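Q: Data: data-v2.cif, mmCIF, C-alpha atoms and all ligand atoms; chains and numbers go by the auth columns.
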```cif
data_run
#
loop_
_atom_site.group_PDB
_atom_site.id
_atom_site.type_symbol
_atom_site.label_atom_id
_atom_site.label_comp_id
_atom_site.label_asym_id
_atom_site.label_seq_id
_atom_site.Cartn_x
_atom_site.Cartn_y
_atom_site.Cartn_z
_atom_site.B_iso_or_equiv
_atom_site.auth_seq_id
_atom_site.auth_asym_id
ATOM 1 C CA MET A 1 -56.882 -82.643 -13.645 0.00 140 Q
ATOM 2 C CA LEU A 2 -56.051 -82.596 -17.357 0.00 141 Q
ATOM 3 C CA THR A 3 -57.003 -78.947 -17.786 0.00 142 Q
ATOM 4 C CA GLU A 4 -55.156 -75.754 -16.946 0.00 143 Q
ATOM 5 C CA SER A 5 -57.753 -73.345 -15.508 0.00 144 Q
ATOM 6 C CA ILE A 6 -56.937 -70.014 -17.133 0.00 145 Q
ATOM 7 C CA TYR A 7 -59.984 -68.414 -15.475 0.00 146 Q
ATOM 8 C CA LEU A 8 -58.302 -68.792 -12.068 0.00 147 Q
ATOM 9 C CA THR A 9 -55.383 -66.552 -12.973 0.00 148 Q
ATOM 10 C CA ASP A 10 -57.055 -64.255 -15.516 0.00 149 Q
ATOM 11 C CA SER A 11 -60.743 -63.398 -15.128 0.00 150 Q
ATOM 12 C CA TYR A 12 -60.532 -61.203 -18.239 0.00 151 Q
ATOM 13 C CA ALA A 13 -59.323 -63.904 -20.671 0.00 152 Q
ATOM 14 C CA LYS A 14 -62.153 -64.256 -23.204 0.00 153 Q
ATOM 15 C CA GLU A 15 -60.734 -66.851 -25.607 0.00 154 Q
ATOM 16 C CA MET A 16 -58.115 -69.563 -25.933 0.00 155 Q
ATOM 17 C CA ASP A 17 -56.624 -72.155 -28.250 0.00 156 Q
ATOM 18 C CA ALA A 18 -56.676 -75.585 -26.653 0.00 157 Q
ATOM 19 C CA LYS A 19 -56.041 -79.207 -27.466 0.00 158 Q
ATOM 20 C CA VAL A 20 -58.845 -81.744 -27.191 0.00 159 Q
ATOM 21 C CA MET A 21 -57.952 -84.421 -24.603 0.00 160 Q
ATOM 22 C CA VAL A 22 -61.198 -86.438 -24.294 0.00 161 Q
ATOM 23 C CA VAL A 23 -64.484 -86.555 -26.244 0.00 162 Q
ATOM 24 C CA GLU A 24 -67.576 -88.437 -25.068 0.00 163 Q
ATOM 25 C CA LYS A 25 -70.911 -88.707 -26.827 0.00 164 Q
ATOM 26 C CA GLU A 26 -73.938 -87.966 -24.624 0.00 165 Q
ATOM 27 C CA SER A 27 -76.807 -88.194 -27.097 0.00 166 Q
ATOM 28 C CA ASP A 28 -77.629 -87.056 -30.639 0.00 167 Q
ATOM 29 C CA GLN A 29 -75.726 -83.812 -31.260 0.00 168 Q
ATOM 30 C CA LYS A 30 -74.607 -83.638 -27.649 0.00 169 Q
ATOM 31 C CA TYR A 31 -71.011 -84.295 -26.647 0.00 170 Q
ATOM 32 C CA LYS A 32 -68.722 -83.420 -23.760 0.00 171 Q
ATOM 33 C CA VAL A 33 -65.050 -82.639 -24.111 0.00 172 Q
ATOM 34 C CA ILE A 34 -62.022 -82.121 -21.885 0.00 173 Q
ATOM 35 C CA LEU A 35 -59.455 -79.596 -23.123 0.00 174 Q
ATOM 36 C CA ASP A 36 -55.829 -79.061 -22.064 0.00 175 Q
ATOM 37 C CA LYS A 37 -56.684 -75.508 -20.997 0.00 176 Q
ATOM 38 C CA THR A 38 -59.767 -73.367 -20.696 0.00 177 Q
ATOM 39 C CA VAL A 39 -61.019 -69.848 -20.049 0.00 178 Q
ATOM 40 C CA PHE A 40 -64.538 -71.227 -19.385 0.00 179 Q
ATOM 41 C CA TYR A 41 -65.640 -71.035 -15.753 0.00 180 Q
ATOM 42 C CA PRO A 42 -67.351 -74.258 -14.627 0.00 181 Q
ATOM 43 C CA ILE A 43 -70.559 -73.757 -12.651 0.00 182 Q
ATOM 44 C CA GLY A 44 -69.836 -73.641 -8.922 0.00 183 Q
ATOM 45 C CA GLY A 45 -69.291 -71.489 -5.867 0.00 184 Q
ATOM 46 C CA GLY A 46 -72.592 -69.775 -6.570 0.00 185 Q
ATOM 47 C CA GLN A 47 -71.448 -68.564 -9.978 0.00 186 Q
ATOM 48 C CA PRO A 48 -73.318 -69.792 -13.079 0.00 187 Q
ATOM 49 C CA THR A 49 -71.610 -71.670 -15.910 0.00 188 Q
ATOM 50 C CA ASP A 50 -69.882 -69.833 -18.716 0.00 189 Q
ATOM 51 C CA GLN A 51 -71.251 -70.390 -22.209 0.00 190 Q
ATOM 52 C CA GLY A 52 -69.873 -69.703 -25.680 0.00 191 Q
ATOM 53 C CA TYR A 53 -68.421 -71.484 -28.712 0.00 192 Q
ATOM 54 C CA LEU A 54 -65.724 -73.906 -29.766 0.00 193 Q
ATOM 55 C CA ALA A 55 -64.453 -73.447 -33.335 0.00 194 Q
ATOM 56 C CA TYR A 56 -62.462 -76.118 -35.205 0.00 195 Q
ATOM 57 C CA GLY A 57 -62.006 -76.978 -38.896 0.00 196 Q
ATOM 58 C CA GLY A 58 -64.946 -74.913 -40.127 0.00 197 Q
ATOM 59 C CA ASN A 59 -67.231 -76.132 -37.318 0.00 198 Q
ATOM 60 C CA LYS A 60 -68.726 -73.994 -34.596 0.00 199 Q
ATOM 61 C CA ALA A 61 -70.132 -75.882 -31.609 0.00 200 Q
ATOM 62 C CA GLU A 62 -72.184 -74.174 -28.925 0.00 201 Q
ATOM 63 C CA ILE A 63 -70.892 -74.664 -25.372 0.00 202 Q
ATOM 64 C CA TYR A 64 -74.009 -74.672 -23.199 0.00 203 Q
ATOM 65 C CA LEU A 65 -72.623 -76.012 -19.915 0.00 204 Q
ATOM 66 C CA VAL A 66 -69.217 -76.260 -18.286 0.00 205 Q
ATOM 67 C CA ILE A 67 -69.017 -78.362 -15.149 0.00 206 Q
ATOM 68 C CA ILE A 68 -66.443 -80.098 -12.954 0.00 207 Q
ATOM 69 C CA LYS A 69 -67.222 -83.789 -12.644 0.00 208 Q
ATOM 70 C CA ASP A 70 -64.963 -86.532 -11.296 0.00 209 Q
ATOM 71 C CA GLY A 71 -62.188 -83.975 -10.959 0.00 210 Q
ATOM 72 C CA GLU A 72 -62.251 -82.877 -14.605 0.00 211 Q
ATOM 73 C CA ILE A 73 -63.665 -79.834 -16.398 0.00 212 Q
ATOM 74 C CA TRP A 74 -66.231 -80.941 -18.987 0.00 213 Q
ATOM 75 C CA HIS A 75 -67.368 -78.644 -21.791 0.00 214 Q
ATOM 76 C CA HIS A 76 -70.820 -79.745 -22.936 0.00 215 Q
ATOM 77 C CA ILE A 77 -71.356 -78.934 -26.606 0.00 216 Q
ATOM 78 C CA LYS A 78 -74.046 -79.191 -29.269 0.00 217 Q
ATOM 79 C CA THR A 79 -72.851 -80.162 -32.744 0.00 218 Q
ATOM 80 C CA ASP A 80 -73.238 -82.635 -35.640 0.00 219 Q
ATOM 81 C CA ASN A 81 -69.471 -82.800 -36.094 0.00 220 Q
ATOM 82 C CA PRO A 82 -67.697 -83.209 -32.769 0.00 221 Q
ATOM 83 C CA PRO A 83 -63.961 -82.543 -32.549 0.00 222 Q
ATOM 84 C CA VAL A 84 -61.652 -85.534 -32.095 0.00 223 Q
ATOM 85 C CA VAL A 85 -58.846 -86.085 -29.598 0.00 224 Q
ATOM 86 C CA GLY A 86 -55.756 -84.109 -30.626 0.00 225 Q
ATOM 87 C CA ASP A 87 -57.700 -81.390 -32.490 0.00 226 Q
ATOM 88 C CA VAL A 88 -56.800 -77.811 -31.707 0.00 227 Q
ATOM 89 C CA VAL A 89 -59.947 -75.800 -31.007 0.00 228 Q
ATOM 90 C CA HIS A 90 -60.584 -72.135 -30.424 0.00 229 Q
ATOM 91 C CA GLY A 91 -62.887 -71.294 -27.524 0.00 230 Q
ATOM 92 C CA THR A 92 -64.727 -67.982 -27.158 0.00 231 Q
ATOM 93 C CA ILE A 93 -66.732 -66.995 -24.091 0.00 232 Q
ATOM 94 C CA ASP A 94 -70.124 -65.304 -24.224 0.00 233 Q
ATOM 95 C CA TRP A 95 -68.457 -62.317 -22.560 0.00 234 Q
ATOM 96 C CA GLU A 96 -71.596 -60.285 -21.879 0.00 235 Q
ATOM 97 C CA ARG A 97 -72.989 -63.156 -19.818 0.00 236 Q
ATOM 98 C CA ARG A 98 -69.672 -63.812 -18.046 0.00 237 Q
ATOM 99 C CA TYR A 99 -69.024 -60.166 -17.228 0.00 238 Q
ATOM 100 C CA LYS A 100 -72.484 -59.808 -15.702 0.00 239 Q
ATOM 101 C CA ASN A 101 -71.903 -62.948 -13.595 0.00 240 Q
ATOM 102 C CA MET A 102 -68.454 -61.739 -12.615 0.00 241 Q
ATOM 103 C CA ARG A 103 -69.806 -58.351 -11.458 0.00 242 Q
ATOM 104 C CA LEU A 104 -72.550 -60.085 -9.455 0.00 243 Q
ATOM 105 C CA HIS A 105 -70.030 -62.430 -7.853 0.00 244 Q
ATOM 106 C CA SER A 106 -67.591 -59.639 -6.938 0.00 245 Q
ATOM 107 C CA GLY A 107 -70.587 -57.606 -5.723 0.00 246 Q
ATOM 108 C CA GLY A 108 -71.415 -60.391 -3.268 0.00 247 Q
ATOM 109 C CA HIS A 109 -67.862 -60.191 -1.949 0.00 248 Q
ATOM 110 C CA VAL A 110 -68.083 -56.393 -1.612 0.00 249 Q
ATOM 111 C CA ILE A 111 -71.169 -56.874 0.582 0.00 250 Q
ATOM 112 C CA ASP A 112 -69.371 -59.592 2.554 0.00 251 Q
ATOM 113 C CA PHE A 113 -66.388 -57.268 3.136 0.00 252 Q
ATOM 114 C CA ALA A 114 -68.842 -54.541 4.203 0.00 253 Q
ATOM 115 C CA MET A 115 -70.370 -57.027 6.699 0.00 254 Q
ATOM 116 C CA TYR A 116 -66.863 -57.563 8.048 0.00 255 Q
ATOM 117 C CA LEU A 117 -66.137 -53.829 8.303 0.00 256 Q
ATOM 118 C CA LEU A 118 -69.436 -53.299 10.150 0.00 257 Q
ATOM 119 C CA GLY A 119 -68.253 -55.881 12.696 0.00 258 Q
ATOM 120 C CA TYR A 120 -70.965 -58.535 12.168 0.00 259 Q
ATOM 121 C CA SER A 121 -68.978 -61.047 10.132 0.00 260 Q
ATOM 122 C CA PRO A 122 -67.455 -63.425 11.004 0.00 261 Q
ATOM 123 C CA LYS A 123 -68.227 -63.091 14.746 0.00 262 Q
ATOM 124 C CA THR A 124 -72.028 -62.897 14.931 0.00 263 Q
ATOM 125 C CA LEU A 125 -72.766 -63.879 11.349 0.00 264 Q
ATOM 126 C CA GLN A 126 -70.589 -66.623 9.869 0.00 265 Q
ATOM 127 C CA PRO A 127 -70.380 -66.640 6.060 0.00 266 Q
ATOM 128 C CA LEU A 128 -72.053 -69.806 4.720 0.00 267 Q
ATOM 129 C CA LYS A 129 -72.574 -69.532 0.962 0.00 268 Q
ATOM 130 C CA GLY A 130 -73.646 -67.257 -1.824 0.00 269 Q
ATOM 131 C CA ASP A 131 -75.541 -67.453 -5.059 0.00 270 Q
ATOM 132 C CA HIS A 132 -74.716 -64.944 -7.753 0.00 271 Q
ATOM 133 C CA GLY A 133 -77.147 -66.027 -10.462 0.00 272 Q
ATOM 134 C CA LYS A 134 -80.680 -64.856 -11.189 0.00 273 Q
ATOM 135 C CA LYS A 135 -81.627 -64.149 -7.548 0.00 274 Q
ATOM 136 C CA PRO A 136 -78.344 -63.159 -5.934 0.00 275 Q
ATOM 137 C CA TYR A 137 -77.947 -63.544 -2.188 0.00 276 Q
ATOM 138 C CA ILE A 138 -75.404 -64.359 0.478 0.00 277 Q
ATOM 139 C CA ALA A 139 -76.252 -66.488 3.501 0.00 278 Q
ATOM 140 C CA TYR A 140 -74.814 -66.275 7.019 0.00 279 Q
ATOM 141 C CA GLN A 141 -75.109 -68.659 9.932 0.00 280 Q
ATOM 142 C CA GLY A 142 -76.534 -66.707 12.858 0.00 281 Q
ATOM 143 C CA THR A 143 -79.019 -63.877 13.255 0.00 282 Q
ATOM 144 C CA ILE A 144 -79.065 -60.330 14.631 0.00 283 Q
ATOM 145 C CA GLU A 145 -81.847 -58.175 16.023 0.00 284 Q
ATOM 146 C CA GLN A 146 -80.907 -54.837 14.430 0.00 285 Q
ATOM 147 C CA ASP A 147 -82.138 -53.806 10.987 0.00 286 Q
ATOM 148 C CA ILE A 148 -78.837 -53.338 9.158 0.00 287 Q
ATOM 149 C CA ARG A 149 -80.121 -53.180 5.558 0.00 288 Q
ATOM 150 C CA GLN A 150 -79.456 -49.471 5.005 0.00 289 Q
ATOM 151 C CA ARG A 151 -76.094 -49.439 6.814 0.00 290 Q
ATOM 152 C CA LEU A 152 -74.946 -52.484 4.863 0.00 291 Q
ATOM 153 C CA GLU A 153 -76.007 -50.888 1.584 0.00 292 Q
ATOM 154 C CA ASP A 154 -74.217 -47.636 2.446 0.00 293 Q
ATOM 155 C CA LYS A 155 -71.023 -49.427 3.509 0.00 294 Q
ATOM 156 C CA SER A 156 -71.053 -51.587 0.360 0.00 295 Q
ATOM 157 C CA ASN A 157 -71.461 -48.530 -1.867 0.00 296 Q
ATOM 158 C CA GLU A 158 -68.699 -46.739 0.013 0.00 297 Q
ATOM 159 C CA LEU A 159 -66.362 -49.566 -1.031 0.00 298 Q
ATOM 160 C CA VAL A 160 -67.587 -49.163 -4.630 0.00 299 Q
ATOM 161 C CA THR A 161 -67.186 -45.365 -4.609 0.00 300 Q
ATOM 162 C CA ASN A 162 -63.666 -45.687 -3.197 0.00 301 Q
ATOM 163 C CA GLU A 163 -62.654 -47.685 -6.321 0.00 302 Q
ATOM 164 C CA LEU A 164 -60.700 -50.365 -4.448 0.00 303 Q
ATOM 165 C CA LYS A 165 -58.561 -52.942 -6.217 0.00 304 Q
ATOM 166 C CA PHE A 166 -59.319 -56.674 -6.117 0.00 305 Q
ATOM 167 C CA SER A 167 -56.304 -58.942 -6.510 0.00 306 Q
ATOM 168 C CA CYS A 168 -55.719 -62.696 -6.334 0.00 307 Q
ATOM 169 C CA GLU A 169 -52.801 -64.824 -5.243 0.00 308 Q
ATOM 170 C CA PHE A 170 -52.205 -68.503 -4.532 0.00 309 Q
ATOM 171 C CA LYS A 171 -51.556 -69.580 -0.937 0.00 310 Q
ATOM 172 C CA THR A 172 -51.348 -72.710 1.179 0.00 311 Q
ATOM 173 C CA LEU A 173 -54.185 -73.423 3.610 0.00 312 Q
ATOM 174 C CA ASP A 174 -51.871 -72.429 6.500 0.00 313 Q
ATOM 175 C CA GLU A 175 -51.141 -69.074 4.878 0.00 314 Q
ATOM 176 C CA VAL A 176 -54.857 -68.555 4.260 0.00 315 Q
ATOM 177 C CA ARG A 177 -55.549 -69.300 7.944 0.00 316 Q
ATOM 178 C CA LYS A 178 -53.027 -66.630 8.921 0.00 317 Q
ATOM 179 C CA SER A 179 -54.135 -63.841 6.619 0.00 318 Q
ATOM 180 C CA ALA A 180 -57.819 -64.320 5.686 0.00 319 Q
ATOM 181 C CA ILE A 181 -60.599 -62.540 7.591 0.00 320 Q
ATOM 182 C CA TYR A 182 -62.256 -65.957 7.894 0.00 321 Q
ATOM 183 C CA VAL A 183 -61.670 -69.488 6.672 0.00 322 Q
ATOM 184 C CA GLN A 184 -64.733 -71.307 5.404 0.00 323 Q
ATOM 185 C CA PRO A 185 -65.034 -75.003 6.352 0.00 324 Q
ATOM 186 C CA GLY A 186 -64.222 -77.705 3.824 0.00 325 Q
ATOM 187 C CA LEU A 187 -61.381 -76.006 1.938 0.00 326 Q
ATOM 188 C CA PRO A 188 -59.103 -78.532 0.201 0.00 327 Q
ATOM 189 C CA THR A 189 -55.918 -79.209 2.182 0.00 328 Q
ATOM 190 C CA ASN A 190 -53.895 -80.821 -0.605 0.00 329 Q
ATOM 191 C CA LYS A 191 -53.590 -77.964 -3.106 0.00 330 Q
ATOM 192 C CA SER A 192 -52.813 -74.283 -3.188 0.00 331 Q
ATOM 193 C CA LEU A 193 -55.811 -72.016 -2.705 0.00 332 Q
ATOM 194 C CA ARG A 194 -56.606 -68.807 -4.457 0.00 333 Q
ATOM 195 C CA MET A 195 -56.992 -65.883 -2.139 0.00 334 Q
ATOM 196 C CA LEU A 196 -59.029 -62.823 -3.074 0.00 335 Q
ATOM 197 C CA LYS A 197 -57.769 -59.575 -1.578 0.00 336 Q
ATOM 198 C CA LEU A 198 -59.652 -56.281 -1.382 0.00 337 Q
ATOM 199 C CA GLU A 199 -57.251 -53.358 -1.145 0.00 338 Q
ATOM 200 C CA GLY A 200 -57.046 -52.004 2.396 0.00 339 Q
ATOM 201 C CA VAL A 201 -59.801 -54.283 3.719 0.00 340 Q
ATOM 202 C CA GLY A 202 -58.823 -57.967 3.859 0.00 341 Q
ATOM 203 C CA ALA A 203 -58.709 -61.315 2.089 0.00 342 Q
ATOM 204 C CA VAL A 204 -60.769 -64.504 1.716 0.00 343 Q
ATOM 205 C CA ALA A 205 -60.247 -67.831 -0.062 0.00 344 Q
ATOM 206 C CA ASP A 206 -62.180 -67.834 -3.330 0.00 345 Q
ATOM 207 C CA GLY A 207 -62.128 -69.656 -6.656 0.00 346 Q
ATOM 208 C CA GLY A 208 -64.602 -67.655 -8.749 0.00 347 Q
ATOM 209 C CA THR A 209 -64.030 -64.993 -11.383 0.00 348 Q
ATOM 210 C CA GLN A 210 -63.556 -61.424 -10.134 0.00 349 Q
ATOM 211 C CA VAL A 211 -63.530 -57.901 -11.506 0.00 350 Q
ATOM 212 C CA ALA A 212 -60.310 -55.920 -10.982 0.00 351 Q
ATOM 213 C CA ASN A 213 -61.817 -52.939 -9.179 0.00 352 Q
ATOM 214 C CA THR A 214 -64.942 -52.364 -7.074 0.00 353 Q
ATOM 215 C CA LYS A 215 -65.980 -49.549 -9.455 0.00 354 Q
ATOM 216 C CA GLU A 216 -66.799 -52.231 -12.059 0.00 355 Q
ATOM 217 C CA VAL A 217 -69.424 -53.686 -9.707 0.00 356 Q
ATOM 218 C CA GLY A 218 -71.365 -50.428 -9.801 0.00 357 Q
ATOM 219 C CA ARG A 219 -74.122 -49.379 -7.430 0.00 358 Q
ATOM 220 C CA ILE A 220 -75.247 -52.121 -5.020 0.00 359 Q
ATOM 221 C CA GLN A 221 -78.822 -52.354 -3.802 0.00 360 Q
ATOM 222 C CA ILE A 222 -79.470 -54.499 -0.729 0.00 361 Q
ATOM 223 C CA THR A 223 -83.058 -55.550 -1.336 0.00 362 Q
ATOM 224 C CA SER A 224 -83.504 -57.362 1.994 0.00 363 Q
ATOM 225 C CA VAL A 225 -81.780 -58.747 5.082 0.00 364 Q
ATOM 226 C CA GLU A 226 -84.008 -61.548 6.333 0.00 365 Q
ATOM 227 C CA LYS A 227 -83.960 -64.059 9.150 0.00 366 Q
ATOM 228 C CA LYS A 228 -84.558 -67.594 7.918 0.00 367 Q
ATOM 229 C CA GLY A 229 -84.471 -70.044 10.811 0.00 368 Q
ATOM 230 C CA ASP A 230 -81.016 -69.609 12.342 0.00 369 Q
ATOM 231 C CA GLN A 231 -79.607 -67.986 9.209 0.00 370 Q
ATOM 232 C CA THR A 232 -79.492 -64.450 7.821 0.00 371 Q
ATOM 233 C CA ILE A 233 -80.060 -64.026 4.079 0.00 372 Q
ATOM 234 C CA VAL A 234 -78.816 -60.863 2.378 0.00 373 Q
ATOM 235 C CA SER A 235 -80.410 -60.353 -1.069 0.00 374 Q
ATOM 236 C CA TYR A 236 -78.974 -57.843 -3.481 0.00 375 Q
ATOM 237 C CA LEU A 237 -79.078 -56.388 -6.972 0.00 376 Q
ATOM 238 C CA LEU A 238 -76.667 -54.333 -9.059 0.00 377 Q
ATOM 239 C CA GLY A 239 -77.239 -51.104 -10.928 0.00 378 Q
HETATM 240 ZN ZN ZN B . -66.775 -66.008 -4.223 0.00 401 S
#
```
Go ahead and express the file in the form of structure tokens.

A:
Amino acid sequence: MLTESIYLTDSYAKEMDAKVMVVEKESDQKYKVILDKTVFYPIGGGQPTDQGYLAYGGNKAEIYLVIIKDGEIWHHIKTDNPPVVGDVVHGTIDWERRYKNMRLHSGGHVIDFAMYLLGYSPKTLQPLKGDHGKKPYIAYQGTIEQDIRQRLEDKSNELVTNELKFSCEFKTLDEVRKSAIYVQPGLPTNKSLRMLKLEGVGAVADGGTQVANTKEVGRIQITSVEKKGDQTIVSYLLG
């Protein structure tokens, strides 16, 4: 990969100077660029794309999509005057959008840690995936008979009220296997993995952006815990 992913080590970095490595034209006024580093989170892992601006030589191009394709991070921009390879550009994130997405994503993990503390995950309910966009939910393989909505909401909010720290560190897959509360299938074996740790609770492998403390997530509302075939879907909202 040509790009250093600043968002992996610093979820609070809002801007960066970067060098343009590749520019490709997509259509009129639409281009995609690869930069040598970026604070922009590419859509994935249930977290929406970052958006924002690239500024260079008096131009300001809107970044409307950031996506990993063929192993590279592409910034899709709208402009009449695209940058050229070698230009130094200044990128600025739409922080309001990112921070909301970041809180929703960390909120999903708070619920997942609460599921673990309640004893359901990963034994009876195996974490499958999450979506932290417009209709946030997390999905588990497996079902249970009890109605756990209220208990899950209370446990999640206990973790928020206790103002616990989130921290991240890079580990090998073997180290993740030893210390994570579960290891999701399909993790890459050939590179170091980022592990998300919740103070006093546990750790999971995760590559998304995260708030530094559960208090930033704010009040969590579990809107439903539903059976869907052989899966359990936990839907939630913040605030
Ligand atoms: Zn995550």

Q: Neighbouring residues of Thr300 in chain Q were defined as those with any atom within 9 Å, considering only C-alpha atoms; residues of the same chain fewer than 5 positions away were excluded. Please report them as an MDAnalysis selection string.

A: chainID Q and resid 295 353:354 357:358

Q: List all protein, DNA and RNA residues that have an atom no more than 7 Å from any atom of ligand ZN 401 (chain S), counting all atoms listed in the file, and report them as number ranges by chain.

A: Q: 184, 244-245, 248, 345-347

Q: So how many Å separate CA of Pro181 in chain Q and CA of Ile212 in chain Q, to one decimal?

A: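 Answer for the CA of Pro181 in chain Q to CA of Ile212 in chain Q separation: 6.9 Å.
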
Q: Can you pull out every residue within 7 Å of range 195-204 of chain Q, counting all atoms listed in the file, but drop anything in the same chain fewer than 3 positions away, and send it as a VMD selection string?

A: chain Q and resid 188 to 192 214 to 218 227 to 229

Q: Rounded to one decimal, what separation in Å do you get between CA of Tyr180 in chain Q and CA of Glu314 in chain Q?

A: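 Taking CA of Tyr180 in chain Q and CA of Glu314 in chain Q, their separation equals 25.3 Å.
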
Q: Place N, CA and C atoms on range 335-353 of chain Q and deliver the coordinates as a compact mmCIF listing (two decimals), keeping the file's coordinate frame.

A:
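So the final result, stored in part-v8.txt, reads:
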```txt
# COMPACT_ATOMS: atom_id res chain seq x y z
N LEU Q 335 -58.54 -64.08 -2.51
CA LEU Q 335 -59.03 -62.82 -3.07
C LEU Q 335 -58.79 -61.72 -2.05
N LYS Q 336 -58.12 -60.66 -2.49
CA LYS Q 336 -57.77 -59.58 -1.58
C LYS Q 336 -58.47 -58.30 -2.02
N LEU Q 337 -59.09 -57.60 -1.08
CA LEU Q 337 -59.65 -56.28 -1.38
C LEU Q 337 -58.75 -55.24 -0.72
N GLU Q 338 -58.21 -54.40 -1.56
CA GLU Q 338 -57.25 -53.36 -1.14
C GLU Q 338 -57.67 -52.67 0.16
N GLY Q 339 -56.81 -52.73 1.15
CA GLY Q 339 -57.05 -52.00 2.40
C GLY Q 339 -58.10 -52.60 3.32
N VAL Q 340 -58.71 -53.71 2.92
CA VAL Q 340 -59.80 -54.28 3.72
C VAL Q 340 -59.44 -55.65 4.27
N GLY Q 341 -59.14 -56.62 3.38
CA GLY Q 341 -58.82 -57.97 3.86
C GLY Q 341 -58.86 -58.97 2.73
N ALA Q 342 -58.78 -60.26 3.09
CA ALA Q 342 -58.71 -61.32 2.09
C ALA Q 342 -59.56 -62.51 2.50
N VAL Q 343 -60.05 -63.25 1.49
CA VAL Q 343 -60.77 -64.50 1.72
C VAL Q 343 -60.35 -65.51 0.65
N ALA Q 344 -60.50 -66.81 0.95
CA ALA Q 344 -60.25 -67.83 -0.06
C ALA Q 344 -61.41 -67.84 -1.04
N ASP Q 345 -61.11 -67.89 -2.34
CA ASP Q 345 -62.18 -67.83 -3.33
C ASP Q 345 -61.70 -68.33 -4.69
N GLY Q 346 -62.53 -69.09 -5.37
CA GLY Q 346 -62.13 -69.66 -6.66
C GLY Q 346 -62.91 -69.14 -7.85
N GLY Q 347 -63.78 -68.15 -7.63
CA GLY Q 347 -64.60 -67.66 -8.75
C GLY Q 347 -63.91 -66.57 -9.56
N THR Q 348 -64.60 -66.08 -10.58
CA THR Q 348 -64.03 -64.99 -11.38
C THR Q 348 -64.36 -63.66 -10.72
N GLN Q 349 -63.45 -62.70 -10.87
CA GLN Q 349 -63.56 -61.42 -10.13
C GLN Q 349 -63.21 -60.24 -11.02
N VAL Q 350 -63.92 -59.14 -10.84
CA VAL Q 350 -63.53 -57.90 -11.51
C VAL Q 350 -62.28 -57.36 -10.83
N ALA Q 351 -61.59 -56.42 -11.49
CA ALA Q 351 -60.31 -55.92 -10.98
C ALA Q 351 -60.46 -54.77 -10.00
N ASN Q 352 -61.63 -54.11 -10.02
CA ASN Q 352 -61.82 -52.94 -9.18
C ASN Q 352 -63.29 -52.85 -8.78
N THR Q 353 -63.55 -52.42 -7.55
CA THR Q 353 -64.94 -52.36 -7.07
C THR Q 353 -65.80 -51.43 -7.93
```
